[in-house]
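Novice: So here's entry-v8.txt, just compact mmCIF, C-alpha atoms:
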# COMPACT_ATOMS: atom_id res chain seq x y z
CA MET A 1491 69.41 114.71 95.39
CA THR A 1492 71.55 112.31 93.45
CA VAL A 1493 75.02 111.42 94.49
CA VAL A 1494 77.32 111.69 91.53
CA LEU A 1495 80.36 109.50 92.02
CA ALA A 1496 81.52 109.33 88.45
CA ASP A 1497 80.65 112.45 86.56
CA PRO A 1498 79.88 112.19 82.91
CA PRO A 1499 82.86 113.38 80.93
CA CYS A 1500 82.82 117.17 80.93
CA LYS A 1501 81.78 118.74 77.68
CA GLY A 1502 82.85 122.19 76.69
CA ASP A 1503 85.04 124.35 78.82
CA ASN A 1504 82.56 125.88 81.21
CA GLY A 1505 82.89 124.50 84.71
CA PHE A 1506 85.31 122.41 86.68
CA CYS A 1507 85.62 118.73 85.81
CA ALA A 1508 85.68 116.97 89.17
CA PRO A 1509 87.80 113.82 89.26
CA GLY A 1510 85.86 110.66 90.02
CA THR A 1511 86.11 106.91 89.90
CA GLU A 1512 86.88 107.10 86.18
CA SER A 1513 90.24 108.56 87.17
CA PHE A 1514 91.18 105.07 88.37
CA ILE A 1515 90.35 103.24 85.18
CA PHE A 1516 93.21 102.94 82.77
CA LYS A 1517 93.21 102.05 79.12
CA PRO A 1518 94.08 98.40 78.55
CA LEU A 1519 97.46 98.23 76.88
CA VAL A 1520 97.19 94.53 76.06
CA LYS A 1521 94.02 92.47 76.12
CA TRP A 1522 93.41 88.75 75.68
CA GLU A 1523 91.01 86.04 76.65
CA TRP A 1524 91.61 82.57 78.06
CA PHE A 1525 88.64 80.30 78.70
CA ASN A 1526 86.20 83.21 78.73
CA VAL A 1527 88.27 85.11 81.32
CA HIS A 1528 89.33 88.55 80.21
CA PHE A 1529 92.89 89.54 80.94
CA THR A 1530 94.06 93.10 80.55
CA ILE A 1531 97.36 94.72 81.20
CA THR A 1532 97.13 98.33 82.26
CA LYS A 1533 99.45 100.93 83.69
CA VAL A 1534 98.65 99.54 87.14
CA THR A 1535 99.79 96.03 86.20
CA ILE A 1536 103.02 97.42 84.84
CA LEU A 1537 103.59 99.43 88.02
CA VAL A 1538 103.28 96.25 90.07
CA TRP A 1539 105.82 94.52 87.83
CA ILE A 1540 108.16 97.47 88.21
CA ALA A 1541 107.76 97.36 91.99
CA VAL A 1542 108.58 93.64 92.08
CA ALA A 1543 111.55 94.03 89.76
CA LEU A 1544 112.81 97.04 91.70
CA LEU A 1545 112.70 95.20 95.01
CA ILE A 1546 114.42 92.10 93.64
CA VAL A 1547 117.16 94.12 91.98
CA LEU A 1548 117.73 96.46 94.93
CA PHE A 1549 117.88 93.70 97.53
CA LEU A 1550 120.06 91.43 95.37
CA ALA A 1551 122.43 94.30 94.66
CA ALA A 1552 122.51 95.20 98.34
CA VAL A 1553 123.43 91.76 99.64
CA ARG A 1554 125.24 90.20 96.68
CA ASN A 1555 128.59 91.22 98.00
CA PRO A 1556 128.01 91.88 101.72
CA LYS A 1557 130.69 93.66 103.68
CA ILE A 1558 131.29 93.95 107.39
CA VAL A 1559 131.27 97.71 107.02
CA PRO A 1560 128.20 98.03 104.84
CA GLY A 1561 128.01 100.32 101.85
CA ARG A 1562 125.05 102.57 101.32
CA GLY A 1563 122.82 100.06 99.56
CA GLN A 1564 123.58 97.30 102.01
CA TRP A 1565 123.06 99.66 104.92
CA MET A 1566 119.61 100.68 103.65
CA ALA A 1567 118.52 97.11 103.01
CA GLU A 1568 119.77 96.02 106.42
CA SER A 1569 118.06 98.94 108.14
CA VAL A 1570 114.69 98.17 106.59
CA TYR A 1571 114.99 94.48 107.33
CA GLY A 1572 116.29 95.20 110.81
CA LEU A 1573 113.43 97.56 111.54
CA VAL A 1574 110.82 94.98 110.56
CA ARG A 1575 112.67 92.11 112.22
CA ASN A 1576 113.45 93.78 115.55
CA ASN A 1577 110.74 96.38 115.98
CA ILE A 1578 107.82 94.47 114.50
CA ALA A 1579 108.46 90.73 114.31
CA GLU A 1580 110.42 90.27 117.54
CA ASP A 1581 108.73 93.00 119.56
CA MET A 1582 105.23 91.85 118.78
CA ILE A 1583 105.42 88.11 118.23
CA GLY A 1584 108.39 87.40 120.44
CA HIS A 1585 111.24 84.99 119.82
CA GLU A 1586 109.10 82.88 117.51
CA GLY A 1587 108.48 85.94 115.37
CA VAL A 1588 111.90 85.97 113.78
CA ARG A 1589 110.89 83.29 111.29
CA PHE A 1590 108.15 85.60 109.99
CA ALA A 1591 110.55 88.50 109.52
CA PRO A 1592 111.28 87.73 105.84
CA TYR A 1593 107.58 87.70 104.98
CA LEU A 1594 106.82 90.82 107.01
CA ALA A 1595 109.80 92.70 105.55
CA THR A 1596 108.83 91.73 101.99
CA LEU A 1597 105.26 92.80 102.65
CA PHE A 1598 106.42 96.11 104.10
CA CYS A 1599 108.76 96.90 101.20
CA PHE A 1600 106.22 95.88 98.57
CA ILE A 1601 103.48 98.03 100.10
CA VAL A 1602 105.81 101.01 100.60
CA VAL A 1603 107.02 100.92 96.99
CA THR A 1604 103.57 100.41 95.47
CA ASN A 1605 102.12 103.12 97.72
CA ILE A 1606 104.82 105.65 96.91
CA PHE A 1607 104.03 105.25 93.20
CA GLY A 1608 101.07 107.45 94.11
CA ILE A 1609 103.30 110.53 94.26
CA ILE A 1610 106.04 109.57 91.80
CA PRO A 1611 105.73 111.67 88.64
CA VAL A 1612 104.57 109.69 85.58
CA ALA A 1613 103.41 106.77 87.76
CA GLN A 1614 101.06 108.93 89.86
CA ILE A 1615 98.77 106.12 90.91
CA SER A 1616 99.24 103.53 93.59
CA PRO A 1617 98.25 100.01 92.53
CA ASN A 1618 96.82 99.76 96.04
CA ALA A 1619 94.18 102.31 95.03
CA HIS A 1620 92.57 99.30 93.32
CA ILE A 1621 91.03 97.04 95.95
CA ALA A 1622 92.25 93.87 94.21
CA TYR A 1623 95.86 94.34 95.33
CA PRO A 1624 95.21 95.06 99.03
CA ALA A 1625 92.60 92.29 99.00
CA ILE A 1626 95.10 89.70 97.79
CA LEU A 1627 97.67 90.88 100.33
CA ALA A 1628 95.05 90.64 103.07
CA VAL A 1629 94.07 87.14 101.94
CA ILE A 1630 97.70 86.03 102.09
CA SER A 1631 98.04 87.38 105.64
CA TRP A 1632 94.70 85.86 106.63
CA VAL A 1633 95.54 82.40 105.32
CA MET A 1634 98.95 82.67 106.95
CA PHE A 1635 97.83 83.50 110.48
CA ASN A 1636 95.10 80.85 110.43
CA TRP A 1637 97.49 78.27 109.00
CA VAL A 1638 100.13 79.09 111.60
CA GLY A 1639 97.55 78.84 114.39
CA VAL A 1640 96.18 75.50 113.14
CA LYS A 1641 99.68 74.13 112.74
CA LYS A 1642 100.69 75.09 116.25
CA HIS A 1643 97.55 74.23 118.21
CA GLY A 1644 95.68 71.89 115.91
CA ALA A 1645 92.46 72.91 114.20
CA LYS A 1646 90.26 71.87 117.11
CA LYS A 1647 92.02 73.94 119.76
CA TYR A 1648 92.74 76.85 117.45
CA PHE A 1649 89.20 77.37 116.22
CA GLY A 1650 87.82 76.26 119.57
CA ASP A 1651 89.67 79.06 121.33
CA ILE A 1652 88.42 81.56 118.77
CA LEU A 1653 84.81 80.44 119.08
CA PHE A 1654 84.85 79.83 122.82
CA MET A 1655 87.14 82.23 124.58
CA PRO A 1656 88.72 80.47 127.54
CA GLY A 1657 87.88 81.67 131.03
CA VAL A 1658 84.42 83.00 130.31
CA PRO A 1659 81.19 81.76 131.93
CA LYS A 1660 79.47 79.28 129.61
CA ALA A 1661 76.27 81.32 129.31
CA MET A 1662 78.25 84.21 127.84
CA TYR A 1663 79.18 82.17 124.77
CA ILE A 1664 75.75 82.77 123.26
CA LEU A 1665 76.55 86.47 123.28
CA LEU A 1666 80.29 86.34 122.52
CA THR A 1667 80.74 83.54 119.98
CA PRO A 1668 79.01 85.35 117.06
CA ILE A 1669 81.07 88.49 117.78
CA GLU A 1670 84.29 86.49 117.86
CA ILE A 1671 83.58 84.64 114.61
CA ILE A 1672 82.83 87.85 112.77
CA SER A 1673 85.62 89.94 114.26
CA THR A 1674 88.39 87.36 113.92
CA LEU A 1675 87.58 85.60 110.69
CA ILE A 1676 85.72 88.22 108.66
CA VAL A 1677 86.35 91.75 109.95
CA ARG A 1678 90.13 91.26 110.17
CA PRO A 1679 90.90 90.53 106.51
CA ILE A 1680 88.30 93.01 105.27
CA THR A 1681 89.57 95.90 107.39
CA LEU A 1682 93.15 95.04 106.47
CA ALA A 1683 92.32 95.37 102.77
CA VAL A 1684 89.91 98.29 103.01
CA ARG A 1685 92.17 100.41 105.24
CA LEU A 1686 95.02 100.31 102.74
CA PHE A 1687 92.78 100.62 99.69
CA ALA A 1688 90.72 103.52 101.03
CA ASN A 1689 93.79 105.48 102.10
CA MET A 1690 95.38 105.17 98.67
CA PHE A 1691 92.11 105.82 96.85
CA ALA A 1692 91.30 108.91 98.88
CA GLY A 1693 94.86 110.17 98.62
CA HIS A 1694 94.80 109.92 94.84
CA LEU A 1695 91.47 111.75 94.66
CA LEU A 1696 92.69 114.49 97.01
CA LEU A 1697 95.77 115.14 94.92
CA LEU A 1698 93.67 115.12 91.74
CA VAL A 1699 91.19 117.61 93.16
CA PHE A 1700 93.88 120.14 94.01
CA THR A 1701 96.09 119.68 90.96
CA LEU A 1702 93.16 119.75 88.54
CA GLY A 1703 91.77 122.63 90.58
CA THR A 1704 94.99 124.55 90.13
CA THR A 1705 95.02 124.13 86.34
CA TYR A 1706 91.32 124.93 86.12
CA LEU A 1707 91.62 128.07 88.21
CA LEU A 1708 94.60 129.20 86.13
CA SER A 1709 92.47 128.85 83.00
CA VAL A 1710 89.59 131.04 84.16
CA HIS A 1711 89.52 134.65 83.05
CA ASN A 1712 88.35 136.39 86.17
CA PHE A 1713 89.28 137.21 89.74
CA SER A 1714 89.19 133.51 90.76
CA LYS A 1715 92.53 133.05 89.07
CA ILE A 1716 94.32 134.02 92.28
CA PHE A 1717 92.78 131.04 94.06
CA SER A 1718 95.00 128.80 91.97
CA ILE A 1719 97.81 129.77 94.38
CA PRO A 1720 96.29 128.26 97.54
CA SER A 1721 95.13 125.32 95.47
CA PHE A 1722 98.67 124.72 94.25
CA LEU A 1723 100.12 125.11 97.74
CA LEU A 1724 97.61 122.61 99.07
CA ALA A 1725 98.48 120.16 96.31
CA LEU A 1726 102.12 120.52 97.27
CA ALA A 1727 101.47 120.11 101.01
CA LEU A 1728 99.19 117.15 100.42
CA THR A 1729 101.86 115.44 98.35
CA PHE A 1730 104.11 115.42 101.42
CA PHE A 1731 101.19 114.39 103.58
CA GLU A 1732 100.57 111.52 101.16
CA LEU A 1733 104.15 110.36 101.51
CA PHE A 1734 103.57 110.16 105.26
CA VAL A 1735 100.28 108.29 104.81
CA GLN A 1736 101.82 105.87 102.31
CA VAL A 1737 104.63 104.82 104.64
CA LEU A 1738 102.34 104.79 107.66
CA GLN A 1739 99.79 102.54 105.97
CA ALA A 1740 102.47 100.05 104.95
CA TYR A 1741 103.63 100.02 108.56
CA VAL A 1742 100.10 99.58 109.90
CA PHE A 1743 99.41 96.70 107.51
CA VAL A 1744 102.55 94.88 108.64
CA VAL A 1745 102.00 95.61 112.34
CA LEU A 1746 98.46 94.25 112.14
CA THR A 1747 99.60 91.14 110.27
CA ALA A 1748 102.21 90.60 112.99
CA SER A 1749 99.61 91.08 115.69
CA TYR A 1750 97.30 88.50 114.06
CA LEU A 1751 100.21 86.06 113.84
CA GLN A 1752 100.96 86.73 117.50
CA GLY A 1753 97.33 86.08 118.40
CA ALA A 1754 97.31 82.83 116.46
CA LEU A 1755 100.49 81.63 118.16
CA ALA A 1756 99.51 82.68 121.69
CA GLU A 1757 98.36 80.00 124.07
CA GLU A 1758 95.09 81.79 124.65
CA HIS A 1759 93.92 83.85 121.78
CA MET B 1419 124.00 108.08 117.10
CA PRO B 1420 125.91 107.71 120.37
CA GLU B 1421 122.86 108.48 122.51
CA ALA B 1422 121.48 105.68 124.62
CA PRO B 1423 118.32 104.23 123.10
CA GLU B 1424 115.23 105.74 124.59
CA PRO B 1425 113.71 103.42 127.17
CA ARG B 1426 110.55 101.99 125.67
CA GLY B 1427 107.77 102.04 128.18
CA PRO B 1428 104.71 99.88 127.82
CA GLN B 1429 102.98 102.70 125.94
CA ASN B 1430 105.65 102.99 123.27
CA ARG B 1431 105.32 99.77 121.31
CA PRO B 1432 104.04 99.06 117.81
CA GLY B 1433 101.60 96.52 119.24
CA ASP B 1434 99.55 99.28 120.79
CA ALA B 1435 98.28 100.41 117.41
CA ALA B 1436 97.22 96.83 116.76
CA VAL B 1437 95.39 96.68 120.09
CA GLY B 1438 93.62 99.90 119.18
CA TRP B 1439 92.44 98.46 115.88
CA ALA B 1440 91.45 95.19 117.52
CA VAL B 1441 89.35 97.04 120.11
CA LEU B 1442 87.66 99.09 117.40
CA SER B 1443 86.92 96.08 115.21
CA THR B 1444 85.57 94.06 118.14
CA LEU B 1445 83.30 96.96 119.06
CA LEU B 1446 82.02 97.29 115.51
CA ALA B 1447 81.63 93.54 115.07
CA GLY B 1448 79.60 93.35 118.29
CA ILE B 1449 77.23 96.12 117.27
CA VAL B 1450 76.89 94.91 113.67
CA VAL B 1451 76.43 91.21 114.49
CA TRP B 1452 73.85 91.61 117.24
CA GLY B 1453 72.23 94.59 115.55
CA GLY B 1454 71.91 92.37 112.47
CA ILE B 1455 70.41 89.53 114.46
CA GLY B 1456 67.98 91.99 116.04
CA TRP B 1457 67.10 93.37 112.63
CA LEU B 1458 66.36 89.88 111.32
CA ILE B 1459 64.09 89.28 114.32
CA ASP B 1460 62.38 92.58 113.48
CA LEU B 1461 61.77 91.41 109.93
CA TRP B 1462 60.38 88.14 111.19
CA LEU B 1463 58.10 89.50 113.94
CA HIS B 1464 57.33 92.87 112.29
CA THR B 1465 58.62 94.83 115.26
CA TRP B 1466 61.16 97.63 115.51
CA VAL B 1467 62.86 97.21 118.89
CA GLY B 1468 64.99 94.22 117.85
CA ILE B 1469 67.69 96.23 116.11
CA VAL B 1470 67.93 98.69 119.00
CA VAL B 1471 68.12 95.98 121.65
CA GLY B 1472 70.48 93.96 119.45
CA MET B 1473 72.91 96.85 119.02
CA LEU B 1474 72.93 97.53 122.76
CA VAL B 1475 73.44 93.84 123.55
CA GLY B 1476 76.22 93.62 120.98
CA PHE B 1477 77.83 96.74 122.39
CA ALA B 1478 77.74 95.29 125.90
CA GLY B 1479 79.13 91.97 124.66
CA ALA B 1480 81.94 93.70 122.81
CA ILE B 1481 82.86 95.77 125.86
CA TYR B 1482 82.94 92.60 127.95
CA LEU B 1483 85.16 90.87 125.37
CA ILE B 1484 87.52 93.85 125.18
CA ILE B 1485 87.87 94.02 128.96
CA ARG B 1486 88.56 90.29 129.20
CA LYS B 1487 91.07 90.35 126.35
CA TYR B 1488 92.93 93.63 126.68
CA GLY B 1489 92.16 94.95 130.14
CA ASN B 1490 94.62 94.09 132.87
Please, can you express the file's structure as structure tokens?
Specialist:
Amino acid sequence: MTVVLADPPCKGDNGFCAPGTESFIFKPLVKWEWFNVHFTITKVTILVWIAVALLIVLFLAAVRNPKIVPGRGQWMAESVYGLVRNNIAEDMIGHEGVRFAPYLATLFCFIVVTNIFGIIPVAQISPNAHIAYPAILAVISWVMFNWVGVKKHGAKKYFGDILFMPGVPKAMYILLTPIEIISTLIVRPITLAVRLFANMFAGHLLLLVFTLGTTYLLSVHNFSKIFSIPSFLLALALTFFELFVQVLQAYVFVVLTASYLQGALAEEH
Amino acid sequence: MPEAPEPRGPQNRPGDAAVGWAVLSTLLAGIVVWGGIGWLIDLWLHTWVGIVVGMLVGFAGAIYLIIRKYGN
């Protein structure tokens, strides 16, 4: 049996064209080359630019003219920032966490907006369905928590505490040190990136399967036509489910980043 | 809303999700790392028990780490 991830393009009109990895590859709109490196601008790049522009404009507009009784925009911006600052940064990291609130809030808003593109008509793809974007976000968080830990404890104590967990019999280090190296320095950034990427990737595929399924079933000329109704209803339900997943994954990403920062700042980590 | 904020018990904090993920990743790291070491020993000595023993050892090590770190 062969596993077909990317089907060959369907020819003719007999049979359902299953969506595959090719559904994530967009036509380059602009292409150029600098020093043998190929640069392409696709729909996904443009969506990221829109997300960045949207966040800058919305937050500037919200706080440009702040009032004691906030208007709607200011209230929304303050609620999001307050949620991240109080319920994530302060709750998890403690008093020291407040200085990370701007980063965590930016991260949260950026991930939420880019994720929600997955169900916005016309956009209909989350940039985070390409591993490059979650990977860069994970690298930023990874560099940050290690940097913060080294700055607070010094490289020797910081990495020493990771490699040799305090309060453990010496003989156990043979067993525990390899696990700690892998789980703290390698598994953390990888899972951070893969969790977000896989959720967005799978969500996009799920929606494609049911929407394409609906149009396919509508086009057949037999009894199966009626199955387009459950397919459509599922596509609709899954769109709402996706909204939930998109916000949840942004939250999880930020909570985990905060927990890594907390671990790096703790006396024993 | 005028209601008093719900008292947040120890089981109602965002950090708990993080602990859950940390436990899971420690468990996986333990099994993968020591299973991998065992597998390499298997390749070297042409045996087959290394990976099994390695995974069990890694599992035990991970459980020990989790209890020391997150168990009260």
Novice: Would you list the contacts of stretch 1609-1622 of chain A as a PyMOL selection string, taking every protein, DNA or RNA residue within 9 Å and counting all atoms listed in the file, but skipping same-chain residues closer than 5 positions in sequence?
Specialist: chain A and resi 1514+1533-1535+1537-1538+1601+1603-1604+1627+1683-1684+1686-1694+1697+1729-1730+1732-1733
Novice: With C-alpha atoms kept, could you save the residues just selected as an mmCIF file, keeping the file's coordinate frame?
Specialist:
data_model
loop_
_atom_site.group_PDB
_atom_site.id
_atom_site.type_symbol
_atom_site.label_atom_id
_atom_site.label_comp_id
_atom_site.auth_asym_id
_atom_site.auth_seq_id
_atom_site.Cartn_x
_atom_site.Cartn_y
_atom_site.Cartn_z
ATOM 1 C CA PHE A 1514 91.180 105.070 88.370
ATOM 2 C CA LYS A 1533 99.450 100.930 83.690
ATOM 3 C CA VAL A 1534 98.650 99.540 87.140
ATOM 4 C CA THR A 1535 99.790 96.030 86.200
ATOM 5 C CA LEU A 1537 103.590 99.430 88.020
ATOM 6 C CA VAL A 1538 103.280 96.250 90.070
ATOM 7 C CA ILE A 1601 103.480 98.030 100.100
ATOM 8 C CA VAL A 1603 107.020 100.920 96.990
ATOM 9 C CA THR A 1604 103.570 100.410 95.470
ATOM 10 C CA LEU A 1627 97.670 90.880 100.330
ATOM 11 C CA ALA A 1683 92.320 95.370 102.770
ATOM 12 C CA VAL A 1684 89.910 98.290 103.010
ATOM 13 C CA LEU A 1686 95.020 100.310 102.740
ATOM 14 C CA PHE A 1687 92.780 100.620 99.690
ATOM 15 C CA ALA A 1688 90.720 103.520 101.030
ATOM 16 C CA ASN A 1689 93.790 105.480 102.100
ATOM 17 C CA MET A 1690 95.380 105.170 98.670
ATOM 18 C CA PHE A 1691 92.110 105.820 96.850
ATOM 19 C CA ALA A 1692 91.300 108.910 98.880
ATOM 20 C CA GLY A 1693 94.860 110.170 98.620
ATOM 21 C CA HIS A 1694 94.800 109.920 94.840
ATOM 22 C CA LEU A 1697 95.770 115.140 94.920
ATOM 23 C CA THR A 1729 101.860 115.440 98.350
ATOM 24 C CA PHE A 1730 104.110 115.420 101.420
ATOM 25 C CA GLU A 1732 100.570 111.520 101.160
ATOM 26 C CA LEU A 1733 104.150 110.360 101.510
#
Novice: Find the nearest atom pair between each residue of chain B and chain A for residues within 6 Å, count only C-alpha atoms, give distances in Å to one decimal, sort rows by chain and ascending number, and present the table as a tab-separated table.
Specialist:
residue	atom	partner	partner_atom	distance
B:Gly1433	CA	A:Met1582	CA	5.9
B:Ala1436	CA	A:Leu1746	CA	5.4
B:Thr1444	CA	A:Ser1673	CA	5.7
B:Ala1447	CA	A:Ser1673	CA	5.4
B:Gly1448	CA	A:Ile1669	CA	5.1
Novice: Take the residues that were just selected and, keeping C-alpha atoms, output them as a short mmCIF file (atom, residue, chain, number, x, y, z; two decimals), in the frame of the given file.
Specialist:
data_model
loop_
_atom_site.label_atom_id
_atom_site.label_comp_id
_atom_site.auth_asym_id
_atom_site.auth_seq_id
_atom_site.Cartn_x
_atom_site.Cartn_y
_atom_site.Cartn_z
CA GLY B 1433 101.60 96.52 119.24
CA ALA B 1436 97.22 96.83 116.76
CA THR B 1444 85.57 94.06 118.14
CA ALA B 1447 81.63 93.54 115.07
CA GLY B 1448 79.60 93.35 118.29
#
Novice: Using only C-alpha atoms for the distances, tell me which of B:Ile1485, B:Leu1463, B:Val1471, B:Ala1435 is nearest to B:Val1450.
Specialist: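 Closest candidate: B:Val1471.
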Novice: State, in Å with one decimal place, the distance from atom CA of A:Leu1544 to atom CA of A:Arg1589.
Specialist: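 For atom CA of A:Leu1544 relative to atom CA of A:Arg1589, the distance reads 24.0 Å.
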Novice: Rounded to one decimal place, report the atom CA of A:Ala1754-atom CA of B:Trp1439 distance in Å.
Specialist: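 Result for atom CA of A:Ala1754 versus atom CA of B:Trp1439: 16.4 Å, one decimal.
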Novice: Would you mind reading off the distance between atom CA of A:Phe1516 and atom CA of A:Thr1532, one decimal, in Å?
Specialist: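 These two atoms are separated by 6.1 Å.
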Novice: Around stretch 1447-1454 of chain B, with edges along x, y and z and 4 Å added on all six sides, what centre and edge lengths do you get, in Å to one decimal, as AutoDock Vina command-line options?
Specialist:
--center_x 76.8 --center_y 93.7 --center_z 115.4 --size_x 17.7 --size_y 12.9 --size_z 13.8
Novice: Which of these, B:Trp1457, B:Ala1440, B:Lys1487, B:Leu1445, has the shortest distance to B:Gly1472 once you count all atoms listed in the file?
Specialist: B:Trp1457
